[in-house]
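Coordinates from start39.pdb are shown below (PDB, C-alpha atoms, pLDDT in the B column).
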ATOM      1  CA  MET A  28     -15.225  18.992 -18.339  1.00 47.00           C
ATOM      2  CA  SER A  29     -12.657  18.300 -21.009  1.00 50.00           C
ATOM      3  CA  THR A  30     -11.106  14.878 -21.283  1.00 49.00           C
ATOM      4  CA  PRO A  31      -7.492  14.088 -22.159  1.00 51.00           C
ATOM      5  CA  ALA A  32      -6.841  13.270 -25.795  1.00 51.00           C
ATOM      6  CA  GLY A  33      -7.777   9.668 -26.477  1.00 47.00           C
ATOM      7  CA  ALA A  34      -9.354   9.036 -23.054  1.00 46.00           C
ATOM      8  CA  ALA A  35     -12.940   8.964 -24.273  1.00 44.00           C
ATOM      9  CA  SER A  36     -12.048   6.951 -27.363  1.00 47.00           C
ATOM     10  CA  ALA A  37     -10.139   4.420 -25.239  1.00 51.00           C
ATOM     11  CA  ARG A  38     -13.383   3.492 -23.440  1.00 50.00           C
ATOM     12  CA  PRO A  39     -16.309   4.177 -25.792  1.00 52.00           C
ATOM     13  CA  GLY A  40     -19.661   4.477 -24.066  1.00 51.00           C
ATOM     14  CA  TYR A  41     -18.249   5.460 -20.679  1.00 49.00           C
ATOM     15  CA  GLY A  42     -18.662   9.216 -21.197  1.00 52.00           C
ATOM     16  CA  TRP A  43     -17.224  11.171 -18.269  1.00 50.00           C
ATOM     17  CA  VAL A  44     -16.725   8.090 -16.056  1.00 53.00           C
ATOM     18  CA  TRP A  45     -13.506   6.847 -17.654  1.00 51.00           C
ATOM     19  CA  PRO A  46     -11.519  10.133 -17.419  1.00 57.00           C
ATOM     20  CA  VAL A  47     -12.558  10.611 -13.785  1.00 62.00           C
ATOM     21  CA  ALA A  48     -11.847   6.978 -12.857  1.00 60.00           C
ATOM     22  CA  SER A  49      -8.479   7.074 -14.647  1.00 61.00           C
ATOM     23  CA  VAL A  50      -7.413   9.866 -12.265  1.00 64.00           C
ATOM     24  CA  LEU A  51      -9.063   8.642  -9.059  1.00 69.00           C
ATOM     25  CA  LEU A  52      -7.883   5.050  -9.393  1.00 70.00           C
ATOM     26  CA  ARG A  53      -4.241   5.865 -10.113  1.00 75.00           C
ATOM     27  CA  PRO A  54      -1.656   4.488  -7.670  1.00 77.00           C
ATOM     28  CA  ALA A  55      -0.570   8.069  -6.911  1.00 78.00           C
ATOM     29  CA  THR A  56      -4.102   9.028  -5.866  1.00 80.00           C
ATOM     30  CA  LEU A  57      -4.755   5.860  -3.888  1.00 83.00           C
ATOM     31  CA  VAL A  58      -1.399   5.982  -2.077  1.00 85.00           C
ATOM     32  CA  THR A  59      -1.880   9.637  -1.163  1.00 85.00           C
ATOM     33  CA  PHE A  60      -5.397   8.935   0.084  1.00 88.00           C
ATOM     34  CA  GLY A  61      -4.224   5.923   2.128  1.00 87.00           C
ATOM     35  CA  LEU A  62      -1.340   7.805   3.722  1.00 88.00           C
ATOM     36  CA  VAL A  63      -3.560  10.784   4.632  1.00 89.00           C
ATOM     37  CA  VAL A  64      -6.235   8.524   6.141  1.00 89.00           C
ATOM     38  CA  GLY A  65      -3.560   6.588   8.046  1.00 87.00           C
ATOM     39  CA  ALA A  66      -2.059   9.763   9.422  1.00 88.00           C
ATOM     40  CA  LEU A  67      -5.491  10.981  10.548  1.00 90.00           C
ATOM     41  CA  LEU A  68      -6.473   7.777  12.378  1.00 86.00           C
ATOM     42  CA  PRO A  69      -5.841   7.958  16.120  1.00 86.00           C
ATOM     43  CA  MET A  70      -3.392   5.386  17.475  1.00 82.00           C
ATOM     44  CA  SER A  71      -5.765   4.543  20.327  1.00 82.00           C
ATOM     45  CA  LEU A  72      -8.237   3.194  17.778  1.00 73.00           C
ATOM     46  CA  LEU A  73      -5.682   0.708  16.456  1.00 72.00           C
ATOM     47  CA  THR A  74      -4.089  -0.434  19.695  1.00 71.00           C
ATOM     48  CA  THR A  75      -7.371  -1.419  21.341  1.00 74.00           C
ATOM     49  CA  GLY A  76     -10.093  -3.711  20.121  1.00 67.00           C
ATOM     50  CA  VAL A  77     -10.361  -7.040  18.384  1.00 73.00           C
ATOM     51  CA  SER A  78      -8.223  -8.340  15.542  1.00 74.00           C
ATOM     52  CA  PHE A  79      -9.720  -8.348  12.060  1.00 79.00           C
ATOM     53  CA  CYS A  80      -7.124 -10.794  10.715  1.00 83.00           C
ATOM     54  CA  PRO A  81      -8.955 -13.957   9.561  1.00 89.00           C
ATOM     55  CA  PHE A  82      -5.833 -16.099  10.066  1.00 89.00           C
ATOM     56  CA  LYS A  83      -5.387 -14.910  13.651  1.00 86.00           C
ATOM     57  CA  VAL A  84      -9.094 -15.282  14.439  1.00 87.00           C
ATOM     58  CA  ALA A  85      -9.111 -18.842  13.044  1.00 91.00           C
ATOM     59  CA  THR A  86      -5.797 -20.114  14.463  1.00 90.00           C
ATOM     60  CA  GLY A  87      -4.942 -17.813  17.353  1.00 86.00           C
ATOM     61  CA  LEU A  88      -1.545 -17.245  15.729  1.00 87.00           C
ATOM     62  CA  PRO A  89      -0.541 -14.045  13.930  1.00 88.00           C
ATOM     63  CA  CYS A  90      -0.209 -14.063  10.158  1.00 90.00           C
ATOM     64  CA  PRO A  91       2.916 -12.699   8.419  1.00 91.00           C
ATOM     65  CA  GLY A  92       1.296  -9.289   8.021  1.00 90.00           C
ATOM     66  CA  CYS A  93      -0.212  -8.964  11.505  1.00 88.00           C
ATOM     67  CA  GLY A  94       0.664  -5.601  12.976  1.00 87.00           C
ATOM     68  CA  MET A  95       1.520  -4.025   9.617  1.00 89.00           C
ATOM     69  CA  THR A  96      -1.402  -1.567   9.665  1.00 85.00           C
ATOM     70  CA  ARG A  97      -0.683  -0.480  13.236  1.00 87.00           C
ATOM     71  CA  ALA A  98       3.013  -0.140  12.386  1.00 89.00           C
ATOM     72  CA  ALA A  99       2.305   1.985   9.328  1.00 90.00           C
ATOM     73  CA  ILE A 100      -0.081   4.209  11.307  1.00 89.00           C
ATOM     74  CA  ALA A 101       2.512   4.609  14.075  1.00 90.00           C
ATOM     75  CA  LEU A 102       5.134   5.536  11.484  1.00 91.00           C
ATOM     76  CA  LEU A 103       2.790   8.085   9.911  1.00 90.00           C
ATOM     77  CA  HIS A 104       2.266   9.547  13.392  1.00 90.00           C
ATOM     78  CA  GLY A 105       6.039   9.987  13.704  1.00 90.00           C
ATOM     79  CA  ASP A 106       6.698   7.132  16.138  1.00 89.00           C
ATOM     80  CA  PRO A 107       9.289   4.841  14.505  1.00 92.00           C
ATOM     81  CA  ALA A 108       9.980   2.845  17.701  1.00 91.00           C
ATOM     82  CA  THR A 109       6.331   1.801  18.035  1.00 88.00           C
ATOM     83  CA  SER A 110       6.245   1.138  14.307  1.00 89.00           C
ATOM     84  CA  LEU A 111       9.210  -1.240  14.519  1.00 90.00           C
ATOM     85  CA  PHE A 112       7.625  -2.957  17.533  1.00 87.00           C
ATOM     86  CA  PHE A 113       4.366  -3.674  15.704  1.00 88.00           C
ATOM     87  CA  HIS A 114       6.030  -4.795  12.451  1.00 91.00           C
ATOM     88  CA  PRO A 115       9.594  -4.159  11.230  1.00 92.00           C
ATOM     89  CA  LEU A 116       8.572  -4.108   7.563  1.00 94.00           C
ATOM     90  CA  ALA A 117       6.267  -1.093   7.856  1.00 93.00           C
ATOM     91  CA  VAL A 118       9.124   1.326   7.152  1.00 93.00           C
ATOM     92  CA  PRO A 119       9.949  -0.265   3.758  1.00 93.00           C
ATOM     93  CA  LEU A 120       6.216  -0.592   3.017  1.00 91.00           C
ATOM     94  CA  VAL A 121       5.514   3.108   3.586  1.00 91.00           C
ATOM     95  CA  ALA A 122       8.697   4.056   1.712  1.00 92.00           C
ATOM     96  CA  ALA A 123       7.685   1.872  -1.256  1.00 89.00           C
ATOM     97  CA  ALA A 124       4.191   3.379  -1.227  1.00 87.00           C
ATOM     98  CA  VAL A 125       5.629   6.891  -1.317  1.00 89.00           C
ATOM     99  CA  VAL A 126       8.037   5.998  -4.155  1.00 88.00           C
ATOM    100  CA  ILE A 127       5.248   4.338  -6.172  1.00 84.00           C
ATOM    101  CA  GLY A 128       2.949   7.305  -5.593  1.00 84.00           C
ATOM    102  CA  LEU A 129       5.606   9.838  -6.608  1.00 86.00           C
ATOM    103  CA  ALA A 130       6.693   7.850  -9.675  1.00 83.00           C
ATOM    104  CA  ASP A 131       3.126   7.387 -10.867  1.00 80.00           C
ATOM    105  CA  GLY A 132       2.237  11.020 -10.189  1.00 79.00           C
ATOM    106  CA  TRP A 133       5.293  12.207 -12.134  1.00 79.00           C
ATOM    107  CA  TYR A 134       4.527   9.890 -15.060  1.00 77.00           C
ATOM    108  CA  TRP A 135       0.879  10.956 -15.106  1.00 73.00           C
ATOM    109  CA  TRP A 136       1.836  14.647 -14.990  1.00 74.00           C
ATOM    110  CA  ARG A 137       4.241  14.145 -17.891  1.00 73.00           C
ATOM    111  CA  SER A 138       1.565  12.323 -19.923  1.00 72.00           C
ATOM    112  CA  CYS A 139      -0.936  15.181 -19.465  1.00 71.00           C
ATOM    113  CA  LYS A 140       0.982  17.311 -21.945  1.00 70.00           C
ATOM    114  CA  PRO A 141      -1.004  18.199 -25.080  1.00 71.00           C
ATOM    115  CA  GLY A 142      -0.747  15.509 -27.715  1.00 69.00           C
ATOM    116  CA  ALA A 143       0.679  12.881 -25.366  1.00 66.00           C
ATOM    117  CA  PRO A 144      -1.322   9.683 -24.916  1.00 67.00           C
ATOM    118  CA  PRO A 145      -2.816   9.348 -21.422  1.00 64.00           C
ATOM    119  CA  ALA A 146      -0.911   7.028 -19.123  1.00 64.00           C
ATOM    120  CA  PRO A 147      -2.946   4.012 -18.044  1.00 68.00           C
ATOM    121  CA  PRO A 148      -3.498   3.819 -14.270  1.00 63.00           C
ATOM    122  CA  SER A 149      -1.851   0.419 -14.021  1.00 68.00           C
ATOM    123  CA  TRP A 150       1.409   1.050 -15.885  1.00 73.00           C
ATOM    124  CA  LEU A 151       3.605   1.104 -12.777  1.00 76.00           C
ATOM    125  CA  ILE A 152       1.893  -1.796 -10.997  1.00 78.00           C
ATOM    126  CA  GLU A 153       2.261  -3.935 -14.128  1.00 82.00           C
ATOM    127  CA  ARG A 154       5.989  -3.187 -14.293  1.00 84.00           C
ATOM    128  CA  VAL A 155       6.506  -3.950 -10.611  1.00 84.00           C
ATOM    129  CA  MET A 156       4.559  -7.204 -10.884  1.00 86.00           C
ATOM    130  CA  LEU A 157       6.706  -8.348 -13.814  1.00 91.00           C
ATOM    131  CA  SER A 158       9.894  -7.783 -11.802  1.00 92.00           C
ATOM    132  CA  PRO A 159      11.233 -10.034  -9.021  1.00 95.00           C
ATOM    133  CA  ALA A 160      10.085  -7.476  -6.404  1.00 91.00           C
ATOM    134  CA  PRO A 161       6.885  -9.332  -5.368  1.00 92.00           C
ATOM    135  CA  TRP A 162       8.791 -12.583  -4.777  1.00 95.00           C
ATOM    136  CA  VAL A 163      11.484 -10.779  -2.793  1.00 95.00           C
ATOM    137  CA  ALA A 164       8.796  -9.067  -0.696  1.00 93.00           C
ATOM    138  CA  ILE A 165       7.065 -12.388   0.001  1.00 94.00           C
ATOM    139  CA  ALA A 166      10.355 -14.044   0.972  1.00 96.00           C
ATOM    140  CA  VAL A 167      11.288 -11.208   3.328  1.00 95.00           C
ATOM    141  CA  LEU A 168       7.804 -11.242   4.863  1.00 94.00           C
ATOM    142  CA  VAL A 169       8.008 -15.001   5.507  1.00 95.00           C
ATOM    143  CA  VAL A 170      11.501 -14.731   7.030  1.00 95.00           C
ATOM    144  CA  VAL A 171      10.365 -11.955   9.385  1.00 93.00           C
ATOM    145  CA  TRP A 172       7.290 -14.016  10.302  1.00 92.00           C
ATOM    146  CA  LEU A 173       9.410 -17.101  11.047  1.00 93.00           C
ATOM    147  CA  VAL A 174      11.549 -14.995  13.388  1.00 91.00           C
ATOM    148  CA  ARG A 175       8.587 -13.339  15.104  1.00 89.00           C
ATOM    149  CA  LEU A 176       6.343 -16.425  15.439  1.00 90.00           C
ATOM    150  CA  PRO A 177       8.462 -18.232  18.074  1.00 90.00           C
ATOM    151  CA  LEU A 178       8.716 -14.959  20.001  1.00 88.00           C
ATOM    152  CA  PHE A 179       4.911 -14.695  19.965  1.00 87.00           C
ATOM    153  CA  VAL A 180       4.488 -18.301  21.124  1.00 87.00           C
ATOM    154  CA  LEU A 181       6.973 -17.706  23.978  1.00 89.00           C
ATOM    155  CA  GLY A 182       5.088 -14.551  24.993  1.00 84.00           C
ATOM    156  CA  ASN A 183       7.881 -12.141  24.125  1.00 80.00           C
ATOM    157  CA  TRP A 184       6.057 -10.407  21.266  1.00 73.00           C
ATOM    158  CA  VAL A 185       2.597  -8.870  21.134  1.00 67.00           C
ATOM    159  CA  TYR A 186       0.794  -8.491  17.844  1.00 65.00           C
TER     160      TYR A 186
END
Encoded form (structure tokens):
Amino acid sequence: MSTPAGAASARPGYGWVWPVASVLLRPATLVTFGLVVGALLPMSLLTTGVSFCPFKVATGLPCPGCGMTRAAIALLHGDPATSLFFHPLAVPLVAAAVVIGLADGWYWWRSCKPGAPPAPPSWLIERVMLSPAPWVAIAVLVVVWLVRLPLFVLGNWVY
């Protein structure tokens, strides 16, 4: 198995582990894997059973992200109405995951050219984290939660 130029020297002593991990742990690989697994999970598995949310188990109230997994799975199954019912932010979440996966995959493919230095797996995540995007996402999540929480307390919303 040949390694990309500079990959073995970037992590001396790791042998074949570093080149394999640098491909498997890329955002493009992880996003693709997550979306495929989500699309393969049956909806009946997610709509029945107990909640695994520690906040909801401890307080009885839903957290800001409650329903996000079910919403993303419903969206991946092609049911946008159910997705919006479970959590309205699943559509932007899945869209952002696809954009991040495509951008990272494109950048990695471009860096695999002979003589080009290998792209680190975290280049895109580092750029996103240095932008205002995480703070905007947190603010939007809290606003949606503050709208949905009274509806849950009044019995008009099921998480």
Residues at most 12 Å from region 173-181 of chain A, counting all atoms listed in the file, excluding those fewer than 2 positions away in the same chain, as a VMD selection string? chain A and resid 83 87 to 94 112 to 116 166 to 171 183 to 186
Explicit residue set for the PyMOL selection byres ((chain A and resi 99-107) around 12), as a VMD selection string: chain A and resid 61 to 74 92 to 98 108 to 125
For those residues, write C-alpha atoms to a file as a JSON list (two decimals), keeping the file's coordinate frame.
[["chain", "number", "residue", "atom", "x", "y", "z"],
["A", 61, "GLY", "CA", -4.22, 5.92, 2.13],
["A", 62, "LEU", "CA", -1.34, 7.80, 3.72],
["A", 63, "VAL", "CA", -3.56, 10.78, 4.63],
["A", 64, "VAL", "CA", -6.24, 8.52, 6.14],
["A", 65, "GLY", "CA", -3.56, 6.59, 8.05],
["A", 66, "ALA", "CA", -2.06, 9.76, 9.42],
["A", 67, "LEU", "CA", -5.49, 10.98, 10.55],
["A", 68, "LEU", "CA", -6.47, 7.78, 12.38],
["A", 69, "PRO", "CA", -5.84, 7.96, 16.12],
["A", 70, "MET", "CA", -3.39, 5.39, 17.48],
["A", 71, "SER", "CA", -5.76, 4.54, 20.33],
["A", 72, "LEU", "CA", -8.24, 3.19, 17.78],
["A", 73, "LEU", "CA", -5.68, 0.71, 16.46],
["A", 74, "THR", "CA", -4.09, -0.43, 19.70],
["A", 92, "GLY", "CA", 1.30, -9.29, 8.02],
["A", 93, "CYS", "CA", -0.21, -8.96, 11.50],
["A", 94, "GLY", "CA", 0.66, -5.60, 12.98],
["A", 95, "MET", "CA", 1.52, -4.03, 9.62],
["A", 96, "THR", "CA", -1.40, -1.57, 9.66],
["A", 97, "ARG", "CA", -0.68, -0.48, 13.24],
["A", 98, "ALA", "CA", 3.01, -0.14, 12.39],
["A", 108, "ALA", "CA", 9.98, 2.84, 17.70],
["A", 109, "THR", "CA", 6.33, 1.80, 18.04],
["A", 110, "SER", "CA", 6.24, 1.14, 14.31],
["A", 111, "LEU", "CA", 9.21, -1.24, 14.52],
["A", 112, "PHE", "CA", 7.62, -2.96, 17.53],
["A", 113, "PHE", "CA", 4.37, -3.67, 15.70],
["A", 114, "HIS", "CA", 6.03, -4.80, 12.45],
["A", 115, "PRO", "CA", 9.59, -4.16, 11.23],
["A", 116, "LEU", "CA", 8.57, -4.11, 7.56],
["A", 117, "ALA", "CA", 6.27, -1.09, 7.86],
["A", 118, "VAL", "CA", 9.12, 1.33, 7.15],
["A", 119, "PRO", "CA", 9.95, -0.26, 3.76],
["A", 120, "LEU", "CA", 6.22, -0.59, 3.02],
["A", 121, "VAL", "CA", 5.51, 3.11, 3.59],
["A", 122, "ALA", "CA", 8.70, 4.06, 1.71],
["A", 123, "ALA", "CA", 7.68, 1.87, -1.26],
["A", 124, "ALA", "CA", 4.19, 3.38, -1.23],
["A", 125, "VAL", "CA", 5.63, 6.89, -1.32]]
Which distance in Å separates CA of Pro54 (chain A) and CA of Trp133 (chain A), to one decimal? 11.3 Å
Can you pull out every residue within 12 Å of Ala55 (chain A), counting all atoms listed in the file, but drop anything in the same chain fewer than 5 positions away, and send it as an MDAnalysis selection string? chainID A and resid 49:50 60:62 123:136 148:152
Computed gap from CA of Trp172 (chain A) to CA of Pro81 (chain A) is 16.3 Å
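Going from CA of Gly182 (chain A) over to CA of Ala164 (chain A), you cover 26.5 Å.
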